[in-house]
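Novice: Provided herewith: entry_31.tsv, TSV, C-alpha atoms.
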```tsv
chain	number	residue	atom	x	y	z
A	1	LEU	CA	0.00	0.00	0.00
A	2	GLU	CA	1.08	3.48	-0.76
A	3	LEU	CA	0.26	6.28	1.60
A	4	SER	CA	-0.79	8.47	-1.27
A	5	ASN	CA	-3.68	6.07	-1.92
A	6	LEU	CA	-5.05	6.61	1.59
A	7	LYS	CA	-7.50	9.27	2.57
A	8	MET	CA	-9.08	10.32	5.87
A	9	LYS	CA	-12.76	10.75	5.87
A	10	ASP	CA	-14.90	11.19	8.98
A	11	GLY	CA	-12.10	9.91	11.16
A	12	LYS	CA	-11.75	6.75	9.12
A	13	VAL	CA	-9.01	5.91	6.72
A	14	GLU	CA	-10.30	4.93	3.34
A	15	MET	CA	-8.49	3.73	0.38
A	16	ILE	CA	-8.83	5.84	-2.72
A	17	ASN	CA	-9.40	4.09	-5.90
A	18	SER	CA	-6.45	4.84	-8.15
A	19	SER	CA	-8.71	5.67	-11.06
A	20	GLN	CA	-10.49	8.30	-8.90
A	21	LYS	CA	-7.13	9.72	-7.91
A	22	LEU	CA	-5.98	9.81	-11.49
A	23	SER	CA	-9.11	11.54	-12.67
A	24	LYS	CA	-8.78	14.22	-9.94
A	25	ASN	CA	-5.12	14.64	-10.79
A	26	SER	CA	-5.97	14.73	-14.46
A	27	ASP	CA	-8.47	17.55	-13.98
A	28	LYS	CA	-6.01	19.42	-11.82
A	29	ASN	CA	-3.25	18.85	-14.35
A	30	LYS	CA	-5.45	20.04	-17.18
A	31	LYS	CA	-6.21	23.25	-15.31
A	32	GLU	CA	-2.51	23.79	-14.59
A	33	LEU	CA	-1.61	22.97	-18.17
A	34	LEU	CA	-4.21	25.45	-19.44
A	35	LYS	CA	-2.85	28.10	-17.07
A	36	CYS	CA	0.71	27.38	-18.25
A	37	LYS	CA	-0.39	27.65	-21.87
A	38	GLN	CA	-2.04	30.99	-21.11
A	39	ASP	CA	1.13	32.19	-19.32
A	40	LEU	CA	3.24	31.08	-22.27
A	41	ALA	CA	0.92	32.86	-24.69
A	42	GLU	CA	1.21	36.05	-22.62
A	43	ARG	CA	4.99	35.69	-22.49
A	44	ASP	CA	5.14	35.08	-26.25
A	45	THR	CA	3.08	38.24	-26.77
A	46	LEU	CA	5.36	40.19	-24.44
A	47	ILE	CA	8.45	38.83	-26.21
A	48	ALA	CA	6.99	39.73	-29.62
A	49	ASN	CA	6.17	43.24	-28.36
A	50	MET	CA	9.66	43.59	-26.89
A	51	LYS	CA	11.21	42.40	-30.15
A	52	THR	CA	9.16	45.00	-31.99
A	53	GLU	CA	10.19	47.73	-29.54
A	54	PHE	CA	13.83	46.65	-29.61
A	55	GLY	CA	13.70	46.53	-33.42
A	56	TYR	CA	12.34	50.07	-33.44
A	57	LEU	CA	14.97	51.21	-30.94
A	58	ILE	CA	17.72	49.53	-32.94
A	59	THR	CA	16.47	51.29	-36.08
A	60	VAL	CA	16.41	54.63	-34.26
A	61	ILE	CA	19.92	54.04	-32.88
A	62	GLU	CA	21.25	53.00	-36.30
A	63	ASP	CA	19.68	56.11	-37.88
A	64	LYS	CA	21.23	58.30	-35.19
A	65	LEU	CA	24.63	56.63	-35.72
A	66	LEU	CA	24.43	57.22	-39.47
A	67	SER	CA	23.45	60.83	-38.85
A	68	LEU	CA	26.36	61.31	-36.44
A	69	GLU	CA	28.79	59.66	-38.85
A	70	LYS	CA	27.60	61.96	-41.64
A	71	GLU	CA	27.91	65.01	-39.40
A	72	ASN	CA	31.38	63.86	-38.32
A	73	ALA	CA	32.45	63.46	-41.96
A	74	GLU	CA	31.11	66.94	-42.76
A	75	LEU	CA	32.99	68.40	-39.80
A	76	ARG	CA	36.20	66.67	-40.89
A	77	GLU	CA	35.76	67.98	-44.42
A	78	SER	CA	35.00	71.46	-43.10
A	79	LYS	CA	38.03	71.34	-40.81
A	80	SER	CA	40.18	70.08	-43.66
A	81	THR	CA	38.95	72.92	-45.88
A	82	GLU	CA	39.51	75.40	-43.05
A	83	ASP	CA	43.01	74.01	-42.44
A	84	ASN	CA	43.78	74.26	-46.16
A	85	SER	CA	42.48	77.83	-46.19
A	86	LEU	CA	44.64	78.68	-43.19
A	87	LEU	CA	47.66	77.08	-44.82
A	88	ALA	CA	46.97	78.97	-48.03
A	89	ALA	CA	46.55	82.20	-46.07
A	90	GLU	CA	49.77	81.50	-44.20
A	91	GLY	CA	51.48	80.82	-47.52
A	92	LEU	CA	50.14	84.05	-48.97
A	93	GLY	CA	51.13	85.85	-45.79
A	94	GLU	CA	54.63	84.44	-46.04
A	95	ILE	CA	54.84	85.44	-49.72
A	96	TYR	CA	53.58	88.93	-48.86
A	97	ASN	CA	55.99	89.19	-45.94
A	98	GLU	CA	58.88	88.04	-48.09
A	99	ALA	CA	57.96	90.51	-50.84
A	100	ARG	CA	57.57	93.30	-48.28
A	101	PHE	CA	60.91	92.31	-46.71
A	102	ASN	CA	62.63	92.43	-50.12
A	103	GLU	CA	61.01	95.80	-50.86
A	104	LEU	CA	62.17	97.21	-47.54
A	105	ARG	CA	65.66	95.76	-48.07
A	106	GLU	CA	65.89	97.54	-51.46
A	107	LYS	CA	64.70	100.81	-49.88
A	108	ASN	CA	67.27	100.35	-47.13
A	109	LYS	CA	70.03	99.81	-49.72
A	110	ALA	CA	68.91	102.94	-51.61
A	111	LEU	CA	68.93	104.94	-48.36
A	112	GLU	CA	72.41	103.60	-47.53
A	113	ARG	CA	73.66	104.68	-51.01
A	114	GLU	CA	72.05	108.10	-50.53
A	115	ASN	CA	73.65	108.32	-47.08
A	116	LEU	CA	77.06	107.49	-48.58
A	117	ASP	CA	76.52	110.14	-51.29
A	118	LEU	CA	75.61	112.68	-48.61
A	119	LYS	CA	78.70	111.78	-46.61
A	120	ALA	CA	80.83	112.16	-49.74
A	121	THR	CA	79.17	115.52	-50.46
A	122	GLU	CA	79.76	116.55	-46.85
A	123	ALA	CA	83.40	115.49	-47.07
A	124	SER	CA	83.73	117.40	-50.35
A	125	SER	CA	82.06	120.41	-48.76
A	126	ILE	CA	84.44	120.25	-45.82
A	127	SER	CA	87.32	119.99	-48.28
A	128	ILE	CA	86.03	123.04	-50.20
A	129	ASP	CA	85.61	124.98	-46.93
A	130	THR	CA	89.15	124.03	-46.02
A	131	LYS	CA	90.44	125.24	-49.41
A	132	ILE	CA	88.49	128.50	-49.06
A	133	ARG	CA	90.03	129.04	-45.66
A	134	GLN	CA	93.45	128.24	-47.05
A	135	LEU	CA	92.90	130.67	-49.94
A	136	ASP	CA	91.59	133.32	-47.52
A	137	ALA	CA	94.66	132.77	-45.38
A	138	GLN	CA	96.92	133.10	-48.44
A	139	ASN	CA	95.03	136.18	-49.59
A	140	ASN	CA	95.36	137.75	-46.17
A	141	SER	CA	99.02	136.86	-46.17
A	142	ILE	CA	99.51	138.52	-49.59
A	143	LYS	CA	97.61	141.61	-48.47
A	144	GLU	CA	99.82	141.88	-45.44
A	145	GLN	CA	102.91	141.63	-47.61
A	146	GLN	CA	101.63	144.29	-50.04
A	147	GLY	CA	100.89	146.72	-47.32
A	148	PRO	CA	98.04	149.05	-46.49
A	149	SER	CA	98.21	151.30	-49.55
A	150	GLN	CA	97.85	148.55	-52.08
A	151	GLU	CA	94.99	147.07	-50.07
A	152	LEU	CA	93.11	150.35	-50.41
A	153	GLU	CA	93.78	150.43	-54.13
A	154	SER	CA	92.54	146.88	-54.58
A	155	ASN	CA	89.42	147.70	-52.49
A	156	SER	CA	88.73	150.86	-54.49
A	157	ALA	CA	89.22	148.91	-57.71
A	158	LEU	CA	86.70	146.38	-56.46
A	159	ASN	CA	84.27	149.17	-55.53
A	160	ASN	CA	84.62	150.78	-58.93
A	161	ASP	CA	83.98	147.50	-60.70
A	162	GLY	CA	80.74	147.08	-58.76
A	163	ASP	CA	79.48	150.53	-59.81
```
I'd like the structure from this file rewritten - as structure tokens, please.

Specialist:
Amino acid sequence: LELSNLKMKDGKVEMINSSQKLSKNSDKNKKELLKCKQDLAERDTLIANMKTEFGYLITVIEDKLLSLEKENAELRESKSTEDNSLLAAEGLGEIYNEARFNELREKNKALERENLDLKATEASSISIDTKIRQLDAQNNSIKEQQGPSQELESNSALNNDGD
């Protein structure tokens, strides 16, 4: 005898017919099976809904990634163009600076030549002043040797020539 086949009823132990037990268990099992099937159906529905939502989210994420990649590529291209523009501007600036430097160097050379010419003119002028002084000194020396009377004659001759 199995204990599971025994049942207490009104204080007496009775033996349950195994076919009765099986039929009760069968009904109970059918109810549980039906409940399990319903739970599975609900879970399948939830899973399908989640797959749909995840599919949508994945699509949204992929679209956003593509958008960001496109924006990133545009920014790189823009930066590359900007960098090229800056390099070109720097190149033009360097060319301008070099041309301006050469121009200023030529002006500087011209000013140095002019300065040398002025110094030569100044030296020549000093030399002429020195000669004039020398000639004045010689003239004064001659006048002193000639004496006062001849000096008056030469002055009066100069005055008469001016009239």

Novice: Just the number, please: distance in Å from CA of Ser125 (chain A) to CA of Arg105 (chain A), one decimal.

Specialist: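 Interatomic distance, CA of Ser125 (chain A) to CA of Arg105 (chain A): 29.6 Å.
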
Novice: To one decimal in Å, tell me the separation between CA of Leu46 (chain A) and CA of Lys64 (chain A).

Specialist: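 These two atoms are separated by 26.4 Å.
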
Novice: Calculate how many Å separate CA of Gln145 (chain A) from CA of Thr130 (chain A), rounding to one decimal.

Specialist: 22.4 Å
